[in-house]
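Chemist: Just protein08.csv, nothing more (CSV, C-alpha atoms):
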chain,number,residue,atom,x,y,z
A,1,MET,CA,-12.0,-16.8,227.3
A,2,ALA,CA,-12.2,-15.0,230.6
A,3,GLU,CA,-11.8,-11.7,228.8
A,4,THR,CA,-14.6,-12.5,226.3
A,5,ALA,CA,-16.9,-13.7,229.1
A,6,GLY,CA,-16.3,-10.4,231.0
A,7,SER,CA,-17.1,-8.4,227.9
A,8,VAL,CA,-20.4,-10.2,227.4
A,9,MET,CA,-21.3,-9.7,231.0
A,10,LEU,CA,-20.5,-6.0,230.7
A,11,ALA,CA,-22.6,-5.7,227.6
A,12,ARG,CA,-25.6,-7.4,229.2
A,13,SER,CA,-25.3,-5.2,232.3
A,14,ALA,CA,-25.3,-2.1,230.1
A,15,MET,CA,-28.4,-3.3,228.2
A,16,GLY,CA,-30.2,-4.0,231.4
A,17,ARG,CA,-29.5,-0.5,232.7
A,18,ALA,CA,-30.6,1.1,229.5
A,19,GLY,CA,-33.9,-0.9,229.5
A,20,PRO,CA,-36.2,-1.2,226.4
A,21,GLU,CA,-36.4,1.8,224.1
A,22,PRO,CA,-39.6,3.8,224.9
A,23,GLN,CA,-42.3,3.5,222.3
A,24,ARG,CA,-43.7,6.6,220.8
A,25,PRO,CA,-47.5,6.8,221.1
A,26,PRO,CA,-49.2,6.8,217.7
A,27,GLY,CA,-51.4,9.7,218.6
A,28,ARG,CA,-53.6,11.5,221.2
A,29,PRO,CA,-57.3,11.0,220.9
A,30,VAL,CA,-59.4,14.2,221.2
A,31,ARG,CA,-63.1,13.9,222.0
A,32,GLY,CA,-65.9,16.4,222.7
A,33,THR,CA,-66.9,19.4,220.6
A,34,ARG,CA,-65.0,22.0,222.5
A,35,ARG,CA,-61.7,20.0,222.6
A,36,VAL,CA,-62.0,19.1,218.9
A,37,SER,CA,-62.7,22.7,218.0
A,38,ALA,CA,-59.7,23.8,220.1
A,39,ALA,CA,-57.5,21.2,218.3
A,40,LEU,CA,-58.6,22.4,214.9
A,41,ALA,CA,-57.9,26.0,215.9
A,42,GLY,CA,-54.5,25.0,217.1
A,43,LEU,CA,-53.6,23.2,213.8
A,44,ALA,CA,-54.7,26.3,211.9
A,45,ALA,CA,-52.5,28.6,214.1
A,46,SER,CA,-49.5,26.3,213.7
A,47,ALA,CA,-49.5,26.2,209.9
A,48,ARG,CA,-46.5,27.9,208.3
A,49,HIS,CA,-45.4,26.1,205.2
A,50,GLU,CA,-47.7,23.3,204.0
A,51,LEU,CA,-51.2,22.1,204.4
A,52,LEU,CA,-52.3,18.7,203.0
A,53,THR,CA,-55.9,17.4,203.3
A,54,PHE,CA,-58.2,14.6,202.3
A,55,ASP,CA,-61.6,16.2,202.5
A,56,ASP,CA,-65.2,15.0,201.9
A,57,PRO,CA,-67.7,17.9,202.2
A,58,ALA,CA,-70.5,15.5,201.3
A,59,ALA,CA,-69.9,13.5,204.5
A,60,SER,CA,-70.6,16.6,206.6
A,61,ALA,CA,-73.6,17.5,204.6
A,62,ALA,CA,-75.2,14.1,205.2
A,63,HIS,CA,-75.1,14.4,209.0
A,64,ALA,CA,-76.8,16.8,211.4
A,65,ILE,CA,-73.6,18.6,212.5
A,66,PRO,CA,-74.2,21.8,214.5
A,67,GLU,CA,-73.8,24.8,212.3
A,68,PRO,CA,-71.4,26.6,214.7
A,69,PHE,CA,-69.0,23.7,214.5
A,70,LEU,CA,-69.1,23.7,210.7
A,71,GLU,CA,-68.5,27.4,210.5
A,72,LEU,CA,-65.6,27.1,212.9
A,73,ALA,CA,-64.0,24.2,211.1
A,74,GLY,CA,-64.3,26.0,207.8
A,75,ALA,CA,-62.8,29.2,209.2
A,76,CYS,CA,-59.9,27.2,210.7
A,77,MET,CA,-59.1,25.5,207.4
A,78,ARG,CA,-59.2,28.8,205.5
A,79,ALA,CA,-56.9,30.4,208.1
A,80,ALA,CA,-54.5,27.5,207.8
A,81,ALA,CA,-54.5,27.7,204.0
A,82,GLU,CA,-53.8,31.4,204.1
A,83,ARG,CA,-50.9,30.9,206.4
A,84,ALA,CA,-49.3,27.9,204.5
A,85,GLY,CA,-47.3,28.5,201.4
A,86,GLU,CA,-48.3,25.2,199.8
A,87,VAL,CA,-51.9,23.9,200.0
A,88,ARG,CA,-53.0,20.6,198.4
A,89,ARG,CA,-56.6,19.4,199.0
A,90,ILE,CA,-58.0,16.1,197.6
A,91,VAL,CA,-61.7,15.5,197.5
A,92,PRO,CA,-63.6,12.4,196.3
A,93,ARG,CA,-65.5,12.7,193.0
A,94,HIS,CA,-68.9,12.3,194.6
A,95,ALA,CA,-68.3,15.4,196.7
A,96,VAL,CA,-67.6,17.8,193.8
A,97,PRO,CA,-71.1,19.3,193.9
A,98,HIS,CA,-70.6,20.1,197.5
A,99,VAL,CA,-67.3,21.9,197.0
A,100,VAL,CA,-68.6,25.4,197.1
A,101,ASP,CA,-65.5,27.1,198.6
A,102,ALA,CA,-62.9,25.8,196.1
A,103,VAL,CA,-62.3,29.3,194.8
A,104,ARG,CA,-62.2,31.0,198.2
A,105,VAL,CA,-59.7,28.6,199.7
A,106,PRO,CA,-56.1,29.3,198.7
A,107,GLY,CA,-54.0,26.7,197.1
A,108,ARG,CA,-54.8,23.8,194.7
A,109,ALA,CA,-57.5,21.1,194.8
A,110,ARG,CA,-57.7,17.8,193.0
A,111,VAL,CA,-60.4,15.1,192.6
A,112,ALA,CA,-59.8,11.4,193.2
A,113,ASP,CA,-62.2,8.6,192.6
A,114,SER,CA,-62.2,8.1,196.4
A,115,ILE,CA,-60.2,9.0,199.5
A,116,PRO,CA,-59.1,6.5,202.2
A,117,PHE,CA,-60.2,8.8,205.1
A,118,LYS,CA,-60.4,12.4,206.1
A,119,MET,CA,-57.1,13.9,207.1
A,120,ILE,CA,-55.2,17.1,207.8
A,121,VAL,CA,-51.4,17.3,207.8
A,122,VAL,CA,-49.7,20.6,208.8
A,123,ASP,CA,-46.1,21.2,207.9
A,124,ARG,CA,-45.3,17.5,207.9
A,125,THR,CA,-45.1,17.6,211.7
A,126,VAL,CA,-48.6,17.1,213.0
A,127,ALA,CA,-51.7,15.4,211.6
A,128,ALA,CA,-55.4,15.0,212.5
A,129,VAL,CA,-57.4,12.0,211.5
A,130,PRO,CA,-61.1,11.4,212.6
A,131,LEU,CA,-61.5,8.6,215.0
A,132,ASP,CA,-64.2,7.2,212.8
A,133,LEU,CA,-62.2,8.2,209.6
A,134,ARG,CA,-65.1,10.2,208.3
A,135,LEU,CA,-66.0,13.2,210.5
A,136,HIS,CA,-63.7,15.3,212.8
A,137,TYR,CA,-66.8,16.3,214.7
A,138,ASN,CA,-67.0,12.8,216.2
A,139,GLY,CA,-63.5,13.1,217.6
A,140,LEU,CA,-60.0,13.0,216.1
A,141,LEU,CA,-56.6,11.5,216.6
A,142,LEU,CA,-53.9,14.1,216.9
A,143,ILE,CA,-50.6,12.6,215.6
A,144,ARG,CA,-47.1,13.9,216.1
A,145,ASP,CA,-45.1,10.7,215.7
A,146,PRO,CA,-42.8,11.6,212.8
A,147,VAL,CA,-42.9,8.1,211.3
A,148,VAL,CA,-46.8,8.0,211.2
A,149,VAL,CA,-47.0,11.6,209.9
A,150,GLN,CA,-44.5,10.8,207.1
A,151,ALA,CA,-46.5,7.8,206.1
A,152,LEU,CA,-49.6,10.0,205.9
A,153,VAL,CA,-47.7,12.5,203.8
A,154,ARG,CA,-46.6,9.7,201.4
A,155,ALA,CA,-50.2,8.5,201.1
A,156,HIS,CA,-51.4,12.0,200.2
A,157,HIS,CA,-48.6,12.4,197.6
A,158,ALA,CA,-49.5,9.1,196.0
A,159,ALA,CA,-53.2,10.1,195.8
A,160,TRP,CA,-52.2,13.6,194.5
A,161,ASP,CA,-50.2,12.1,191.6
A,162,THR,CA,-53.1,10.1,190.3
A,163,SER,CA,-55.9,12.6,190.9
A,164,GLN,CA,-57.4,15.3,188.6
A,165,GLU,CA,-57.4,19.1,189.0
A,166,LEU,CA,-60.7,20.3,190.4
A,167,ALA,CA,-60.6,23.5,188.3
A,168,GLY,CA,-62.9,23.0,185.3
A,169,LEU,CA,-64.8,20.1,186.9
A,170,THR,CA,-67.3,22.3,188.8
A,171,THR,CA,-70.2,23.4,186.7
A,172,PRO,CA,-72.2,26.6,186.9
A,173,SER,CA,-75.1,26.5,189.3
A,174,PRO,CA,-78.4,25.6,187.6
A,175,ASP,CA,-81.3,27.9,187.8
A,176,LEU,CA,-83.7,27.5,190.8
A,177,PRO,CA,-86.7,25.3,189.7
A,178,PRO,CA,-89.8,27.6,189.5
A,179,GLN,CA,-91.8,25.4,191.9
A,180,LEU,CA,-89.2,25.8,194.6
A,181,ARG,CA,-89.0,29.6,194.4
A,182,PRO,CA,-91.9,30.1,196.9
A,183,VAL,CA,-90.5,27.5,199.2
A,184,LEU,CA,-87.1,29.3,199.3
A,185,GLU,CA,-88.8,32.7,199.9
A,186,ALA,CA,-90.8,31.1,202.8
A,187,LEU,CA,-87.6,29.7,204.4
A,188,LEU,CA,-85.8,33.1,204.0
A,189,ALA,CA,-88.8,34.8,205.7
A,190,GLY,CA,-88.5,32.5,208.7
A,191,LEU,CA,-92.0,31.1,208.4
A,192,THR,CA,-92.9,27.9,210.2
A,193,ASP,CA,-93.6,24.9,208.0
A,194,GLU,CA,-97.3,25.1,209.0
A,195,THR,CA,-97.6,28.8,208.2
A,196,ALA,CA,-95.7,28.5,204.9
A,197,ALA,CA,-97.8,25.5,203.8
A,198,THR,CA,-101.0,27.4,204.5
A,199,ARG,CA,-99.9,30.5,202.6
A,200,LEU,CA,-98.7,28.6,199.6
A,201,GLY,CA,-101.9,26.5,199.5
A,202,MET,CA,-100.0,23.2,200.0
A,203,SER,CA,-100.6,20.3,202.4
A,204,PRO,CA,-97.9,20.0,205.1
A,205,ARG,CA,-96.7,16.8,203.4
A,206,THR,CA,-96.3,18.5,200.0
A,207,TYR,CA,-94.5,21.5,201.6
A,208,SER,CA,-92.1,19.2,203.5
A,209,ARG,CA,-91.3,17.3,200.3
A,210,ARG,CA,-90.6,20.6,198.5
A,211,VAL,CA,-88.3,21.7,201.3
A,212,GLY,CA,-86.4,18.4,200.8
A,213,GLU,CA,-86.1,19.0,197.1
A,214,LEU,CA,-84.8,22.5,197.7
A,215,MET,CA,-82.2,21.2,200.2
A,216,ALA,CA,-81.1,18.6,197.7
A,217,ALA,CA,-80.8,21.2,195.0
A,218,LEU,CA,-78.6,23.3,197.3
A,219,GLY,CA,-76.5,20.4,198.4
A,220,THR,CA,-77.2,20.9,202.2
A,221,THR,CA,-79.3,19.6,205.0
A,222,SER,CA,-79.1,22.8,207.0
A,223,ARG,CA,-81.8,25.4,206.6
A,224,PHE,CA,-79.4,28.0,207.9
A,225,ARG,CA,-76.8,27.2,205.2
A,226,ALA,CA,-79.5,27.0,202.6
A,227,GLY,CA,-79.9,30.7,202.6
A,228,ALA,CA,-76.2,31.3,202.3
A,229,GLU,CA,-75.9,28.8,199.4
A,230,ALA,CA,-78.9,30.3,197.6
A,231,ALA,CA,-77.3,33.7,197.8
A,232,ARG,CA,-74.0,32.3,196.6
A,233,ARG,CA,-75.8,30.9,193.5
A,234,GLY,CA,-77.6,34.2,192.9
A,235,TRP,CA,-81.0,32.7,193.6
A,236,VAL,CA,-81.9,35.5,196.0
Take the structure in the file and give it back as structure tokens.

Modeler:
Amino acid sequence: MAETAGSVMLARSAMGRAGPEPQRPPGRPVRGTRRVSAALAGLAASARHELLTFDDPAASAAHAIPEPFLELAGACMRAAAERAGEVRRIVPRHAVPHVVDAVRVPGRARVADSIPFKMIVVDRTVAAVPLDLRLHYNGLLLIRDPVVVQALVRAHHAAWDTSQELAGLTTPSPDLPPQLRPVLEALLAGLTDETAATRLGMSPRTYSRRVGELMAALGTTSRFRAGAEAARRGWV
């Protein structure tokens, strides 16, 4: 009995010295445009083997995100895709009209009815999830915990197995409606709305409505990107 009691005391003493097992933090929040941009650049630079993403280009198009950030984020993802040997991108079905870079980005892309949140996983070692689950611009959670990262990888694999290949779903760009041709030319010329409306013989309200129609046809809310998208479609 004395020997058993001594063993129990020794075990308790050892447990007390060891203390509780430290908990791994689930992730590190990153806020602010500069820090988020740096985090995305770091993810791109670290990619070596695999890149998995849940992406929703329509979410970015629906918000007034500064053009430099969009360009940097796009460049980072293209760089990561070029570095990684395996690239798998999943987009929601409603965003298919906004996927204008599907051919330019290496790897494969599939379409799901919906995605649970936006996400980037690099080499199954680090992940980035938006703090609001929709836009990385609003801040992201940088995750290195292997258990959490593995759970995100499994979620992506499950969605991939039930999604549809993007190739063949995108349709050729429709022709530019004739009534929007003068509006596009005015935008490309850099005219102010007031000057353009006067030259085209429209009221400011009508011109503003036509600009909105043109943006909707191009799938963007940015006048800067409108020119690039119009050129990609062969409208200029």

Chemist: Need to verify the contact set: segment 181-183 of chain A, 12 Å, all atoms listed in the file, exclusion of same-chain residues closer than 3 positions in sequence. Can you return it as a PyMOL selection string?

Modeler: chain A and resi 175-178+186-193+195-202+206-215+217+223+226-227+230+235-236

Chemist: Restricted to C-alpha atoms, what would the selected residues look like written as a CSV table (one decimal), keeping the file's coordinate frame?

Modeler:
chain,number,residue,atom,x,y,z
A,175,ASP,CA,-81.3,27.9,187.8
A,176,LEU,CA,-83.7,27.5,190.8
A,177,PRO,CA,-86.7,25.3,189.7
A,178,PRO,CA,-89.8,27.6,189.5
A,186,ALA,CA,-90.8,31.1,202.8
A,187,LEU,CA,-87.6,29.7,204.4
A,188,LEU,CA,-85.8,33.1,204.0
A,189,ALA,CA,-88.8,34.8,205.7
A,190,GLY,CA,-88.5,32.5,208.7
A,191,LEU,CA,-92.0,31.1,208.4
A,192,THR,CA,-92.9,27.9,210.2
A,193,ASP,CA,-93.6,24.9,208.0
A,195,THR,CA,-97.6,28.8,208.2
A,196,ALA,CA,-95.7,28.5,204.9
A,197,ALA,CA,-97.8,25.5,203.8
A,198,THR,CA,-101.0,27.4,204.5
A,199,ARG,CA,-99.9,30.5,202.6
A,200,LEU,CA,-98.7,28.6,199.6
A,201,GLY,CA,-101.9,26.5,199.5
A,202,MET,CA,-100.0,23.2,200.0
A,206,THR,CA,-96.3,18.5,200.0
A,207,TYR,CA,-94.5,21.5,201.6
A,208,SER,CA,-92.1,19.2,203.5
A,209,ARG,CA,-91.3,17.3,200.3
A,210,ARG,CA,-90.6,20.6,198.5
A,211,VAL,CA,-88.3,21.7,201.3
A,212,GLY,CA,-86.4,18.4,200.8
A,213,GLU,CA,-86.1,19.0,197.1
A,214,LEU,CA,-84.8,22.5,197.7
A,215,MET,CA,-82.2,21.2,200.2
A,217,ALA,CA,-80.8,21.2,195.0
A,223,ARG,CA,-81.8,25.4,206.6
A,226,ALA,CA,-79.5,27.0,202.6
A,227,GLY,CA,-79.9,30.7,202.6
A,230,ALA,CA,-78.9,30.3,197.6
A,235,TRP,CA,-81.0,32.7,193.6
A,236,VAL,CA,-81.9,35.5,196.0

Chemist: Show me, as a list of chain:residue names, the residues that have an atom within 9 Å of segment 32-39 of chain A when counting all atoms listed in the file, minus same-chain residues fewer than 6 positions from it.

Modeler: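 Counting all atoms listed in the file, the residues come to A:Phe69, A:Leu72, A:Ala73, A:Ala128, A:His136, A:Tyr137, A:Asn138, A:Gly139, A:Leu140, A:Leu142.
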
Chemist: Rounded to one decimal place, report the atom CA of Asp161 of chain A-atom CA of Val96 of chain A distance in Å.

Modeler: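 Spanning atom CA of Asp161 of chain A to atom CA of Val96 of chain A is a straight-line distance of 18.4 Å.
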
Chemist: Just how far from atom CA of Leu218 of chain A is atom CA of Gly234 of chain A, in Å to one decimal?

Modeler: 11.8 Å

Chemist: Looking at A:Thr125, A:Leu166, A:Leu131, A:Asp55, which one is nearest to Pro146 of chain A, with distances taken over only C-alpha atoms?

Modeler: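 For Pro146 of chain A, the nearest of the given residues is A:Thr125.
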
Chemist: Which one of A:Gly219, A:Pro204, A:Pro66, A:Pro92 sits closest to Ser114 of chain A if you count only C-alpha atoms?

Modeler: A:Pro92

Chemist: For atom CA of Leu52 of chain A and atom CA of Arg110 of chain A, determine how far apart the two atoms are, in Å to one decimal place.

Modeler: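 Distance reported for this atom pair: 11.4 Å.
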
Chemist: At a cut-off of 10 Å, using all atoms listed in the file, what residues contact Val126 of chain A? Leave out same-chain residues fewer than 2 positions from it and give the result as number ranges by chain.

Modeler: A: 27, 43, 46-47, 120-124, 128, 142-146, 148-150

Chemist: Put those residues in a file: C-alpha atoms, as a PDB file, in the frame of the given file.

Modeler:
ATOM      1  CA  GLY A  27     -51.400   9.700 218.600  1.00  0.00           C
ATOM      2  CA  LEU A  43     -53.600  23.200 213.800  1.00  0.00           C
ATOM      3  CA  SER A  46     -49.500  26.300 213.700  1.00  0.00           C
ATOM      4  CA  ALA A  47     -49.500  26.200 209.900  1.00  0.00           C
ATOM      5  CA  ILE A 120     -55.200  17.100 207.800  1.00  0.00           C
ATOM      6  CA  VAL A 121     -51.400  17.300 207.800  1.00  0.00           C
ATOM      7  CA  VAL A 122     -49.700  20.600 208.800  1.00  0.00           C
ATOM      8  CA  ASP A 123     -46.100  21.200 207.900  1.00  0.00           C
ATOM      9  CA  ARG A 124     -45.300  17.500 207.900  1.00  0.00           C
ATOM     10  CA  ALA A 128     -55.400  15.000 212.500  1.00  0.00           C
ATOM     11  CA  LEU A 142     -53.900  14.100 216.900  1.00  0.00           C
ATOM     12  CA  ILE A 143     -50.600  12.600 215.600  1.00  0.00           C
ATOM     13  CA  ARG A 144     -47.100  13.900 216.100  1.00  0.00           C
ATOM     14  CA  ASP A 145     -45.100  10.700 215.700  1.00  0.00           C
ATOM     15  CA  PRO A 146     -42.800  11.600 212.800  1.00  0.00           C
ATOM     16  CA  VAL A 148     -46.800   8.000 211.200  1.00  0.00           C
ATOM     17  CA  VAL A 149     -47.000  11.600 209.900  1.00  0.00           C
ATOM     18  CA  GLN A 150     -44.500  10.800 207.100  1.00  0.00           C
TER      19      GLN A 150
END

Chemist: Show me, as a ChimeraX atom specification, the residues that have an atom within 7 Å of His49 of chain A when counting all atoms listed in the file, minus same-chain residues fewer than 5 positions from it.

Modeler: /A:84-86,123

Chemist: Excluding Ala64 of chain A and residues on its chain fewer than 3 positions from it, collect all residues at most 9 Å away from it, counting all atoms listed in the file, and give them as a compact mmCIF listing (two decimals) with C-alpha atoms, in the frame of the given file.

Modeler:
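Contents of out_8.txt, as written:
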# COMPACT_ATOMS: atom_id res chain seq x y z
CA SER A 60 -70.60 16.60 206.60
CA ALA A 61 -73.60 17.50 204.60
CA GLU A 67 -73.80 24.80 212.30
CA THR A 221 -79.30 19.60 205.00
CA SER A 222 -79.10 22.80 207.00
